[in-house]
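Structure data (PDB, C-alpha atoms) from upload.pdb:
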```
ATOM      1  CA  MET A  22     -36.653  28.212 104.976
ATOM      2  CA  LYS A  23     -37.157  31.938 104.294
ATOM      3  CA  PRO A  24     -34.054  34.071 103.640
ATOM      4  CA  THR A  25     -33.361  36.600 106.406
ATOM      5  CA  LEU A  26     -33.467  40.366 105.794
ATOM      6  CA  ARG A  27     -29.704  40.422 106.341
ATOM      7  CA  ALA A  28     -29.236  37.771 103.632
ATOM      8  CA  LEU A  29     -31.493  39.656 101.208
ATOM      9  CA  ARG A  30     -29.533  42.869 101.786
ATOM     10  CA  ALA A  31     -26.289  41.014 101.141
ATOM     11  CA  LEU A  32     -27.700  39.678  97.857
ATOM     12  CA  ASP A  33     -28.821  43.197  96.932
ATOM     13  CA  ARG A  34     -25.361  44.578  97.677
ATOM     14  CA  ARG A  35     -23.761  41.891  95.515
ATOM     15  CA  ALA A  36     -26.148  42.664  92.647
ATOM     16  CA  ARG A  37     -25.302  46.374  92.889
ATOM     17  CA  ALA A  38     -21.584  45.573  92.919
ATOM     18  CA  VAL A  39     -21.928  43.487  89.742
ATOM     19  CA  ARG A  40     -24.056  46.162  88.063
ATOM     20  CA  ALA A  41     -21.424  48.802  88.840
ATOM     21  CA  LYS A  42     -18.848  46.754  86.893
ATOM     22  CA  SER A  43     -21.137  46.017  83.955
ATOM     23  CA  THR A  44     -21.403  47.808  80.606
ATOM     24  CA  ALA A  45     -24.311  47.203  78.230
ATOM     25  CA  PHE A  46     -24.401  47.768  74.477
ATOM     26  CA  ILE A  47     -27.764  47.855  72.690
ATOM     27  CA  GLY A  48     -27.770  47.695  68.874
ATOM     28  CA  LEU A  49     -25.321  45.376  67.110
ATOM     29  CA  GLY A  50     -25.468  46.449  63.484
ATOM     30  CA  ARG A  51     -22.385  47.126  61.345
ATOM     31  CA  MET A  52     -21.272  50.033  63.495
ATOM     32  CA  GLY A  53     -22.524  48.817  66.855
ATOM     33  CA  SER A  54     -20.854  45.418  66.747
ATOM     34  CA  GLU A  55     -17.453  46.968  65.960
ATOM     35  CA  MET A  56     -17.858  49.635  68.638
ATOM     36  CA  ALA A  57     -18.951  47.074  71.239
ATOM     37  CA  HIS A  58     -15.985  44.836  70.445
ATOM     38  CA  ASN A  59     -13.524  47.683  70.987
ATOM     39  CA  LEU A  60     -15.285  48.936  74.105
ATOM     40  CA  PHE A  61     -15.469  45.534  75.777
ATOM     41  CA  SER A  62     -11.938  44.463  74.813
ATOM     42  CA  LYS A  63     -10.328  47.637  76.120
ATOM     43  CA  LYS A  64     -12.550  47.766  79.196
ATOM     44  CA  PHE A  65     -11.517  44.202  80.060
ATOM     45  CA  ALA A  66      -7.853  45.138  79.587
ATOM     46  CA  GLU A  67      -8.358  47.944  82.136
ATOM     47  CA  SER A  68     -10.260  45.790  84.615
ATOM     48  CA  ALA A  69     -10.388  41.992  84.413
ATOM     49  CA  ASP A  70     -13.537  41.776  86.568
ATOM     50  CA  SER A  71     -15.583  43.835  84.080
ATOM     51  CA  GLN A  72     -18.965  42.464  83.031
ATOM     52  CA  PHE A  73     -20.547  42.934  79.607
ATOM     53  CA  VAL A  74     -24.113  42.755  78.348
ATOM     54  CA  VAL A  75     -25.456  43.016  74.786
ATOM     55  CA  CYS A  76     -28.973  43.330  73.409
ATOM     56  CA  ASP A  77     -30.327  43.553  69.866
ATOM     57  CA  ALA A  78     -33.724  43.576  68.147
ATOM     58  CA  VAL A  79     -32.540  40.341  66.504
ATOM     59  CA  PRO A  80     -31.684  38.127  69.513
ATOM     60  CA  GLU A  81     -29.556  35.823  67.357
ATOM     61  CA  SER A  82     -27.238  38.768  66.615
ATOM     62  CA  ALA A  83     -26.588  39.260  70.341
ATOM     63  CA  VAL A  84     -25.934  35.538  70.885
ATOM     64  CA  THR A  85     -23.590  35.420  67.894
ATOM     65  CA  PHE A  86     -21.733  38.520  69.091
ATOM     66  CA  CYS A  87     -21.148  36.984  72.531
ATOM     67  CA  ARG A  88     -19.930  33.721  71.039
ATOM     68  CA  THR A  89     -17.580  35.443  68.589
ATOM     69  CA  PHE A  90     -16.322  37.943  71.159
ATOM     70  CA  CYS A  91     -15.521  35.254  73.712
ATOM     71  CA  ARG A  92     -13.685  33.196  71.089
ATOM     72  CA  SER A  93     -11.526  36.126  70.000
ATOM     73  CA  SER A  94     -10.601  37.342  73.506
ATOM     74  CA  LEU A  95      -9.973  36.140  77.020
ATOM     75  CA  VAL A  96     -13.304  37.562  78.158
ATOM     76  CA  ARG A  97     -15.788  35.049  79.504
ATOM     77  CA  THR A  98     -18.258  37.458  81.087
ATOM     78  CA  SER A  99     -20.373  38.666  78.159
ATOM     79  CA  THR A 100     -24.108  37.971  78.231
ATOM     80  CA  SER A 101     -26.912  38.468  75.727
ATOM     81  CA  LEU A 102     -30.241  39.717  77.087
ATOM     82  CA  GLN A 103     -33.669  39.921  75.483
ATOM     83  CA  THR A 104     -34.823  43.447  76.331
ATOM     84  CA  PRO A 105     -33.361  46.923  76.933
ATOM     85  CA  GLU A 106     -35.032  46.847  80.359
ATOM     86  CA  GLU A 107     -32.963  43.794  81.337
ATOM     87  CA  ALA A 108     -29.797  45.437  80.020
ATOM     88  CA  VAL A 109     -30.366  48.530  82.185
ATOM     89  CA  CYS A 110     -31.091  46.444  85.260
ATOM     90  CA  ALA A 111     -27.770  44.661  84.690
ATOM     91  CA  SER A 112     -25.503  47.646  83.901
ATOM     92  CA  GLU A 113     -24.706  51.159  85.141
ATOM     93  CA  VAL A 114     -23.287  52.201  81.748
ATOM     94  CA  VAL A 115     -25.486  51.696  78.676
ATOM     95  CA  VAL A 116     -24.493  52.529  75.091
ATOM     96  CA  THR A 117     -27.128  52.525  72.351
ATOM     97  CA  MET A 118     -26.407  52.521  68.612
ATOM     98  CA  LEU A 119     -29.667  52.247  66.696
ATOM     99  CA  PRO A 120     -30.886  52.904  63.138
ATOM    100  CA  SER A 121     -32.912  56.096  63.741
ATOM    101  CA  SER A 122     -35.637  57.906  65.694
ATOM    102  CA  PRO A 123     -38.333  55.156  65.742
ATOM    103  CA  GLN A 124     -35.928  52.594  67.180
ATOM    104  CA  VAL A 125     -34.666  55.023  69.825
ATOM    105  CA  LYS A 126     -38.237  55.702  70.935
ATOM    106  CA  THR A 127     -38.908  51.961  71.084
ATOM    107  CA  VAL A 128     -35.769  51.115  73.078
ATOM    108  CA  TYR A 129     -36.096  53.999  75.533
ATOM    109  CA  CYS A 130     -39.829  54.615  75.840
ATOM    110  CA  GLU A 131     -41.842  51.434  75.263
ATOM    111  CA  GLY A 132     -43.029  48.877  77.825
ATOM    112  CA  SER A 133     -39.904  46.723  78.100
ATOM    113  CA  GLY A 134     -37.623  49.688  77.530
ATOM    114  CA  ILE A 135     -35.106  51.765  79.397
ATOM    115  CA  LEU A 136     -37.417  54.297  81.043
ATOM    116  CA  HIS A 137     -39.558  51.549  82.540
ATOM    117  CA  ALA A 138     -36.470  50.038  84.178
ATOM    118  CA  LEU A 139     -35.342  53.417  85.543
ATOM    119  CA  GLN A 140     -38.771  54.067  87.039
ATOM    120  CA  THR A 141     -38.555  50.834  89.046
ATOM    121  CA  PHE A 142     -35.182  51.670  90.603
ATOM    122  CA  GLN A 143     -34.923  52.597  94.254
ATOM    123  CA  GLY A 144     -32.363  54.664  96.125
ATOM    124  CA  THR A 145     -29.535  55.977  93.963
ATOM    125  CA  GLU A 146     -29.611  53.307  91.233
ATOM    126  CA  SER A 147     -30.862  55.766  88.597
ATOM    127  CA  GLU A 148     -28.371  58.460  89.594
ATOM    128  CA  ARG A 149     -25.482  56.040  89.086
ATOM    129  CA  THR A 150     -26.639  55.156  85.551
ATOM    130  CA  LEU A 151     -25.168  56.740  82.410
ATOM    131  CA  PHE A 152     -26.640  56.495  78.905
ATOM    132  CA  ILE A 153     -24.662  57.187  75.741
ATOM    133  CA  ASP A 154     -26.747  57.268  72.572
ATOM    134  CA  SER A 155     -24.687  57.208  69.378
ATOM    135  CA  THR A 156     -27.671  56.989  67.036
ATOM    136  CA  THR A 157     -28.046  59.638  64.349
ATOM    137  CA  LEU A 158     -31.664  60.736  64.778
ATOM    138  CA  ASP A 159     -34.008  63.694  64.873
ATOM    139  CA  VAL A 160     -32.707  66.362  67.263
ATOM    140  CA  ASP A 161     -36.105  67.015  68.871
ATOM    141  CA  VAL A 162     -36.681  63.303  69.530
ATOM    142  CA  ALA A 163     -33.219  63.018  71.079
ATOM    143  CA  ARG A 164     -33.810  65.994  73.350
ATOM    144  CA  GLN A 165     -37.182  64.676  74.511
ATOM    145  CA  VAL A 166     -35.780  61.205  75.278
ATOM    146  CA  ALA A 167     -32.823  62.715  77.133
ATOM    147  CA  SER A 168     -35.168  64.931  79.145
ATOM    148  CA  ASP A 169     -37.267  61.921  80.154
ATOM    149  CA  VAL A 170     -34.154  59.976  81.161
ATOM    150  CA  VAL A 171     -32.694  62.854  83.186
ATOM    151  CA  LYS A 172     -35.994  63.271  85.077
ATOM    152  CA  THR A 173     -35.393  59.829  86.625
ATOM    153  CA  GLY A 174     -32.028  61.008  87.987
ATOM    154  CA  ALA A 175     -29.883  59.269  85.367
ATOM    155  CA  GLN A 176     -27.362  60.976  83.074
ATOM    156  CA  MET A 177     -27.523  60.950  79.270
ATOM    157  CA  ILE A 178     -25.565  62.310  76.322
ATOM    158  CA  ASP A 179     -26.104  62.198  72.576
ATOM    159  CA  ALA A 180     -22.845  61.079  70.981
ATOM    160  CA  PRO A 181     -23.225  60.421  67.239
ATOM    161  CA  VAL A 182     -20.068  59.350  65.457
ATOM    162  CA  SER A 183     -18.030  60.185  62.388
ATOM    163  CA  GLY A 184     -15.608  57.739  60.820
ATOM    164  CA  GLY A 185     -17.769  54.948  59.448
ATOM    165  CA  VAL A 186     -17.383  51.209  59.836
ATOM    166  CA  THR A 187     -13.624  51.490  59.217
ATOM    167  CA  GLY A 188     -13.250  53.940  62.101
ATOM    168  CA  ALA A 189     -15.482  51.832  64.335
ATOM    169  CA  SER A 190     -13.327  48.767  63.681
ATOM    170  CA  ALA A 191     -10.055  50.638  64.193
ATOM    171  CA  GLY A 192     -11.296  52.490  67.284
ATOM    172  CA  THR A 193     -10.601  55.854  65.647
ATOM    173  CA  LEU A 194     -14.116  57.331  65.593
ATOM    174  CA  SER A 195     -14.894  60.957  66.339
ATOM    175  CA  PHE A 196     -17.667  61.409  68.908
ATOM    176  CA  LEU A 197     -19.743  64.592  68.700
ATOM    177  CA  VAL A 198     -21.251  64.990  72.149
ATOM    178  CA  GLY A 199     -24.286  66.881  73.393
ATOM    179  CA  GLY A 200     -25.123  67.089  77.095
ATOM    180  CA  THR A 201     -24.098  68.710  80.346
ATOM    181  CA  GLU A 202     -20.440  69.197  81.206
ATOM    182  CA  ALA A 203     -20.778  66.686  84.054
ATOM    183  CA  SER A 204     -22.290  64.030  81.783
ATOM    184  CA  PHE A 205     -19.610  64.667  79.167
ATOM    185  CA  LEU A 206     -16.814  64.218  81.693
ATOM    186  CA  GLN A 207     -18.435  61.046  83.004
ATOM    187  CA  ALA A 208     -18.739  59.592  79.496
ATOM    188  CA  GLN A 209     -15.371  60.707  78.136
ATOM    189  CA  PRO A 210     -13.289  57.773  79.463
ATOM    190  CA  ILE A 211     -15.767  55.331  77.914
ATOM    191  CA  LEU A 212     -15.828  57.091  74.558
ATOM    192  CA  THR A 213     -12.020  57.112  74.360
ATOM    193  CA  LEU A 214     -12.131  53.309  74.301
ATOM    194  CA  MET A 215     -13.984  53.518  70.967
ATOM    195  CA  GLY A 216     -12.651  56.704  69.390
ATOM    196  CA  LYS A 217      -9.802  59.185  69.098
ATOM    197  CA  ARG A 218     -11.549  62.560  69.025
ATOM    198  CA  ILE A 219     -14.162  63.353  71.652
ATOM    199  CA  ILE A 220     -15.726  66.779  71.058
ATOM    200  CA  HIS A 221     -18.184  68.418  73.452
ATOM    201  CA  CYS A 222     -20.433  70.383  71.095
ATOM    202  CA  GLY A 223     -22.802  71.837  73.684
ATOM    203  CA  SER A 224     -26.043  70.988  75.468
ATOM    204  CA  SER A 225     -28.403  68.091  74.727
ATOM    205  CA  GLY A 226     -28.884  67.660  70.969
ATOM    206  CA  ALA A 227     -25.793  69.666  70.017
ATOM    207  CA  GLY A 228     -23.831  66.552  69.060
ATOM    208  CA  LEU A 229     -26.596  65.540  66.691
ATOM    209  CA  GLY A 230     -26.802  69.020  65.243
ATOM    210  CA  ALA A 231     -23.089  68.932  64.459
ATOM    211  CA  LYS A 232     -23.349  65.420  62.967
ATOM    212  CA  ILE A 233     -26.292  66.372  60.743
ATOM    213  CA  CYS A 234     -24.437  69.465  59.447
ATOM    214  CA  ASN A 235     -21.294  67.420  58.784
ATOM    215  CA  ASN A 236     -23.172  64.738  56.856
ATOM    216  CA  LEU A 237     -25.027  67.382  54.889
ATOM    217  CA  VAL A 238     -21.652  68.594  53.606
ATOM    218  CA  LEU A 239     -20.475  65.043  52.977
ATOM    219  CA  GLY A 240     -23.600  64.021  51.078
ATOM    220  CA  VAL A 241     -23.305  66.986  48.718
ATOM    221  CA  GLN A 242     -19.543  66.536  48.260
ATOM    222  CA  GLN A 243     -19.810  62.865  47.318
ATOM    223  CA  ILE A 244     -22.159  63.717  44.472
ATOM    224  CA  VAL A 245     -20.014  66.498  43.036
ATOM    225  CA  VAL A 246     -16.883  64.343  43.302
ATOM    226  CA  GLY A 247     -18.706  61.705  41.245
ATOM    227  CA  GLU A 248     -19.724  64.345  38.717
ATOM    228  CA  ALA A 249     -16.147  65.658  38.415
ATOM    229  CA  MET A 250     -14.667  62.182  38.028
ATOM    230  CA  LEU A 251     -17.167  61.357  35.267
ATOM    231  CA  LEU A 252     -16.512  64.655  33.491
ATOM    232  CA  GLY A 253     -12.750  64.214  33.708
ATOM    233  CA  GLN A 254     -12.889  60.777  32.125
ATOM    234  CA  LYS A 255     -15.044  62.120  29.286
ATOM    235  CA  LEU A 256     -12.333  64.743  28.759
ATOM    236  CA  GLY A 257      -9.732  61.990  28.467
ATOM    237  CA  LEU A 258      -8.169  62.259  31.936
ATOM    238  CA  ASP A 259      -6.833  59.211  33.755
ATOM    239  CA  PRO A 260      -8.904  58.803  36.986
ATOM    240  CA  ALA A 261      -5.804  58.368  39.156
ATOM    241  CA  ILE A 262      -4.223  61.534  37.778
ATOM    242  CA  LEU A 263      -7.433  63.523  38.168
ATOM    243  CA  ALA A 264      -7.931  62.270  41.731
ATOM    244  CA  GLY A 265      -4.339  63.279  42.504
ATOM    245  CA  VAL A 266      -4.946  66.770  41.158
ATOM    246  CA  ILE A 267      -8.168  67.221  43.138
ATOM    247  CA  ASN A 268      -6.718  65.809  46.348
ATOM    248  CA  ASN A 269      -3.745  68.161  46.208
ATOM    249  CA  SER A 270      -5.721  71.217  45.148
ATOM    250  CA  THR A 271      -8.558  73.340  46.451
ATOM    251  CA  GLY A 272     -11.130  70.673  45.562
ATOM    252  CA  GLY A 273      -9.571  68.227  48.003
ATOM    253  CA  CYS A 274     -12.017  66.569  50.427
ATOM    254  CA  TRP A 275     -12.646  63.234  52.173
ATOM    255  CA  ALA A 276     -15.142  62.209  49.486
ATOM    256  CA  SER A 277     -12.306  62.308  46.947
ATOM    257  CA  SER A 278      -9.147  61.548  48.934
ATOM    258  CA  VAL A 279     -10.523  58.610  50.957
ATOM    259  CA  ASN A 280     -13.869  57.624  49.447
ATOM    260  CA  ASN A 281     -13.218  58.286  45.770
ATOM    261  CA  PRO A 282     -15.911  56.450  43.785
ATOM    262  CA  VAL A 283     -13.731  55.375  40.818
ATOM    263  CA  PRO A 284     -11.828  52.078  41.051
ATOM    264  CA  SER A 285      -8.021  52.414  40.812
ATOM    265  CA  SER A 286      -8.154  56.177  41.372
ATOM    266  CA  LEU A 287      -6.502  55.944  44.818
ATOM    267  CA  LEU A 288      -3.436  53.785  44.382
ATOM    268  CA  ASP A 289      -2.528  53.753  48.099
ATOM    269  CA  LYS A 290      -6.038  53.143  49.481
ATOM    270  CA  SER A 291      -8.887  50.659  49.207
ATOM    271  CA  PRO A 292     -12.194  52.568  49.186
ATOM    272  CA  PRO A 293     -15.518  50.731  48.878
ATOM    273  CA  CYS A 294     -15.516  51.136  45.077
ATOM    274  CA  GLU A 295     -12.702  48.556  44.979
ATOM    275  CA  ARG A 296     -15.135  46.025  46.521
ATOM    276  CA  ASP A 297     -18.158  46.803  44.338
ATOM    277  CA  TYR A 298     -19.107  49.508  46.886
ATOM    278  CA  GLU A 299     -19.516  47.009  49.727
ATOM    279  CA  GLY A 300     -18.562  47.638  53.352
ATOM    280  CA  GLY A 301     -19.032  51.384  53.598
ATOM    281  CA  PHE A 302     -21.772  53.826  54.641
ATOM    282  CA  ALA A 303     -24.982  52.694  52.950
ATOM    283  CA  THR A 304     -26.730  54.994  50.491
ATOM    284  CA  ALA A 305     -29.979  54.434  52.411
ATOM    285  CA  LEU A 306     -28.315  55.765  55.569
ATOM    286  CA  MET A 307     -26.995  58.807  53.740
ATOM    287  CA  LEU A 308     -30.520  59.458  52.475
ATOM    288  CA  LYS A 309     -31.757  59.185  56.068
ATOM    289  CA  ASP A 310     -29.199  61.797  57.165
ATOM    290  CA  MET A 311     -30.041  64.094  54.251
ATOM    291  CA  ASN A 312     -33.714  63.854  55.245
ATOM    292  CA  LEU A 313     -32.800  64.753  58.829
ATOM    293  CA  ALA A 314     -30.903  67.795  57.536
ATOM    294  CA  THR A 315     -33.648  69.014  55.217
ATOM    295  CA  ASN A 316     -36.341  68.462  57.868
ATOM    296  CA  VAL A 317     -34.510  70.375  60.586
ATOM    297  CA  ALA A 318     -33.578  73.101  58.087
ATOM    298  CA  SER A 319     -37.236  73.493  57.134
ATOM    299  CA  ALA A 320     -38.240  73.769  60.789
ATOM    300  CA  SER A 321     -35.438  76.303  61.355
ATOM    301  CA  HIS A 322     -36.194  78.286  58.180
ATOM    302  CA  SER A 323     -32.637  77.722  56.936
ATOM    303  CA  PRO A 324     -32.240  77.447  53.129
ATOM    304  CA  LEU A 325     -30.721  74.218  51.737
ATOM    305  CA  PRO A 326     -30.880  74.449  47.925
ATOM    306  CA  LEU A 327     -27.919  72.090  47.409
ATOM    307  CA  GLY A 328     -28.905  69.883  50.322
ATOM    308  CA  GLU A 329     -32.411  69.392  48.967
ATOM    309  CA  ALA A 330     -31.101  68.666  45.471
ATOM    310  CA  ALA A 331     -28.666  66.095  46.883
ATOM    311  CA  ARG A 332     -31.393  64.513  49.021
ATOM    312  CA  ASN A 333     -33.621  64.169  45.971
ATOM    313  CA  LEU A 334     -30.832  62.591  43.920
ATOM    314  CA  TYR A 335     -30.084  59.941  46.568
ATOM    315  CA  ALA A 336     -33.820  59.180  46.840
ATOM    316  CA  GLU A 337     -34.147  58.922  43.065
ATOM    317  CA  ALA A 338     -31.100  56.642  42.851
ATOM    318  CA  ILE A 339     -32.533  54.230  45.412
ATOM    319  CA  ILE A 340     -35.923  54.140  43.664
ATOM    320  CA  ARG A 341     -34.423  53.486  40.234
ATOM    321  CA  ARG A 342     -31.539  51.325  41.442
ATOM    322  CA  PRO A 343     -32.705  49.525  44.624
ATOM    323  CA  ASP A 344     -29.466  47.519  44.649
ATOM    324  CA  LEU A 345     -27.591  50.733  45.537
ATOM    325  CA  ALA A 346     -29.505  51.218  48.812
ATOM    326  CA  ARG A 347     -27.156  48.913  50.761
ATOM    327  CA  LYS A 348     -24.042  49.870  48.797
ATOM    328  CA  ASP A 349     -21.692  52.616  49.982
ATOM    329  CA  PHE A 350     -23.133  56.027  49.157
ATOM    330  CA  SER A 351     -20.220  56.697  46.783
ATOM    331  CA  SER A 352     -22.105  54.311  44.467
ATOM    332  CA  ILE A 353     -24.130  57.407  43.513
ATOM    333  CA  TYR A 354     -21.322  57.670  40.936
ATOM    334  CA  LYS A 355     -22.690  54.579  39.181
ATOM    335  CA  TYR A 356     -26.155  56.111  39.062
ATOM    336  CA  LEU A 357     -24.783  59.395  37.705
ATOM    337  CA  GLY A 358     -22.943  57.492  34.987
ATOM    338  CA  LYS A 359     -26.238  56.178  33.620
ATOM    339  CA  LEU A 360     -28.093  59.503  33.509
TER     340      LEU A 360
END
```
Take the structure I supplied and represent it as structure tokens, if you would.
Amino acid sequence: MKPTLRALRALDRRARAVRAKSTAFIGLGRMGSEMAHNLFSKKFAESADSQFVVCDAVPESAVTFCRTFCRSSLVRTSTSLQTPEEAVCASEVVVTMLPSSPQVKTVYCEGSGILHALQTFQGTESERTLFIDSTTLDVDVARQVASDVVKTGAQMIDAPVSGGVTGASAGTLSFLVGGTEASFLQAQPILTLMGKRIIHCGSSGAGLGAKICNNLVLGVQQIVVGEAMLLGQKLGLDPAILAGVINNSTGGCWASSVNNPVPSSLLDKSPPCERDYEGGFATALMLKDMNLATNVASASHSPLPLGEAARNLYAEAIIRRPDLARKDFSSIYKYLGKL
């Protein structure tokens, strides 16, 4: 027996109602898995009929996330899907947290990707869809992807983060947002479930511009902190005393006061150096961000003498010490110590 038009419309209405309550997260790496856990947990606390969808390039990661998430919470409505297209069809809010530009282009632009799903929507489905991309990637790529998404009627912001894996786990990230005022206001309640500071930096790409500039500073600072700590020890200074002096003087910075590279230098904290530089922001990722900075600076004709020198040092460290690529970038201290 064929279903009646009335029955089909009822099914369609039910599907739209479920989609309106669903949030998708694509990209479950170190940062993404922690962000998704916070987002879903707090969203469920706000509304018990919330639905959740995850998707990852490694399907087993999505399945494992769902299993772990359901065990650690009361939520029983998380689903793993195979493709970004399926995730968009299932959810009106989609967050992506991917490694870099190539992966963003794959997830948004390729055959089973986000744009293909949006182009199949009818009525106002696209207009009710919001995309939040927290990837740190090339500004021009981000702007082009956002433009393509917005042409379908959907909304999109770039919202890279600051705060690392620790901030992602604690829900204390800073989000640096680029996009229209309307898109920012629409995304703000979602971002507050994963972070503490939500900053609207300007139009599309502005969030990424701010993130790239911030990490440029950070990458340079971490090297010079390592240099100073090595020099101080050669001059006979206790690392904890030297760190205390720096952190309470004009040289004070996050790279020294929170991420100091010398074990036992921060008596009240546990930076990655206390765990053989595990669990932080990988040196390979810092090199990626330094490359983004030097590339955009070259295109903008903006001089980066220190930035280029720092980029080259991180690249050299990874070539000569491949084991440091996955270690926290403060492990550049170990490389400096062998020069």
Spell out the residues picked by the PyMOL selection byres ((chain A and resi 152-159) around 8) here, as a PyMOL selection string.
-> chain A and resi 114-122+125+150-151+160-163+175-182+208+229+232-233+310+313+317
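Shortest separation to Arg332 in chain A among A:Ala276, A:Cys294, A:Leu306, A:Cys110 occurs at residue A:Leu306, atoms counted being only C-alpha atoms.
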Can you list, as a PyMOL selection string, the residues that the PyMOL selection byres ((chain A and resi 48) around 12) selects here?
-> chain A and resi 45-47+49-57+74-80+82-83+86+101-105+108+115-121+124-125+128+154-156
Rounded to one decimal in Å, what is the spacing between CA of Glu81 in chain A and CA of Ala111 in chain A?
->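 A separation of 19.5 Å between them.
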Please evaluate the PyMOL selection byres ((chain A and resi 261) around 12) against the structure above and give the resulting residues as a list in words.
-> Met250, Gly253, Gln254, Gly257, Leu258, Asp259, Pro260, Ile262, Leu263, Ala264, Gly265, Val266, Ile267, Asn268, Ser277, Ser278, Asn281, Pro282, Val283, Pro284, Ser285, Ser286, Leu287, Leu288, Asp289 and Lys290 of chain A
Name the residues in contact with Ile353 in chain A at a cut-off of 12 Å, using all atoms listed in the file, excluding same-chain residues fewer than 2 positions from it; report them as a PyMOL selection string.
-> chain A and resi 240-248+250-251+276+280-283+294+298+302-305+307-308+331-339+341-351+355-360
Would you mind putting back N, CA and C atoms on range 311-323 of chain A, then writing it out as a PDB file, in the coordinates of the input?
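The resulting out38.pdb:
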```pdb
ATOM      1  N   MET A 311     -29.651  62.931  55.059  1.00  0.00           N
ATOM      2  CA  MET A 311     -30.041  64.094  54.251  1.00  0.00           C
ATOM      3  C   MET A 311     -31.477  64.506  54.566  1.00  0.00           C
ATOM      4  N   ASN A 312     -32.342  63.537  54.836  1.00  0.00           N
ATOM      5  CA  ASN A 312     -33.714  63.854  55.245  1.00  0.00           C
ATOM      6  C   ASN A 312     -33.727  64.558  56.600  1.00  0.00           C
ATOM      7  N   LEU A 313     -32.891  64.082  57.530  1.00  0.00           N
ATOM      8  CA  LEU A 313     -32.800  64.753  58.829  1.00  0.00           C
ATOM      9  C   LEU A 313     -32.376  66.209  58.650  1.00  0.00           C
ATOM     10  N   ALA A 314     -31.403  66.434  57.766  1.00  0.00           N
ATOM     11  CA  ALA A 314     -30.903  67.795  57.536  1.00  0.00           C
ATOM     12  C   ALA A 314     -31.976  68.676  56.911  1.00  0.00           C
ATOM     13  N   THR A 315     -32.650  68.178  55.881  1.00  0.00           N
ATOM     14  CA  THR A 315     -33.648  69.014  55.217  1.00  0.00           C
ATOM     15  C   THR A 315     -34.861  69.257  56.126  1.00  0.00           C
ATOM     16  N   ASN A 316     -35.205  68.273  56.949  1.00  0.00           N
ATOM     17  CA  ASN A 316     -36.341  68.462  57.868  1.00  0.00           C
ATOM     18  C   ASN A 316     -36.031  69.515  58.924  1.00  0.00           C
ATOM     19  N   VAL A 317     -34.844  69.421  59.536  1.00  0.00           N
ATOM     20  CA  VAL A 317     -34.510  70.375  60.586  1.00  0.00           C
ATOM     21  C   VAL A 317     -34.277  71.766  59.986  1.00  0.00           C
ATOM     22  N   ALA A 318     -33.773  71.813  58.755  1.00  0.00           N
ATOM     23  CA  ALA A 318     -33.578  73.101  58.087  1.00  0.00           C
ATOM     24  C   ALA A 318     -34.924  73.762  57.807  1.00  0.00           C
ATOM     25  N   SER A 319     -35.896  72.956  57.391  1.00  0.00           N
ATOM     26  CA  SER A 319     -37.236  73.493  57.134  1.00  0.00           C
ATOM     27  C   SER A 319     -37.844  74.057  58.414  1.00  0.00           C
ATOM     28  N   ALA A 320     -37.692  73.305  59.504  1.00  0.00           N
ATOM     29  CA  ALA A 320     -38.240  73.769  60.789  1.00  0.00           C
ATOM     30  C   ALA A 320     -37.525  75.018  61.283  1.00  0.00           C
ATOM     31  N   SER A 321     -36.246  75.163  60.909  1.00  0.00           N
ATOM     32  CA  SER A 321     -35.438  76.303  61.355  1.00  0.00           C
ATOM     33  C   SER A 321     -35.438  77.451  60.349  1.00  0.00           C
ATOM     34  N   HIS A 322     -36.144  77.273  59.237  1.00  0.00           N
ATOM     35  CA  HIS A 322     -36.194  78.286  58.180  1.00  0.00           C
ATOM     36  C   HIS A 322     -34.791  78.621  57.672  1.00  0.00           C
ATOM     37  N   SER A 323     -34.003  77.558  57.454  1.00  0.00           N
ATOM     38  CA  SER A 323     -32.637  77.722  56.936  1.00  0.00           C
ATOM     39  C   SER A 323     -32.585  77.145  55.524  1.00  0.00           C
TER      40      SER A 323
END
```
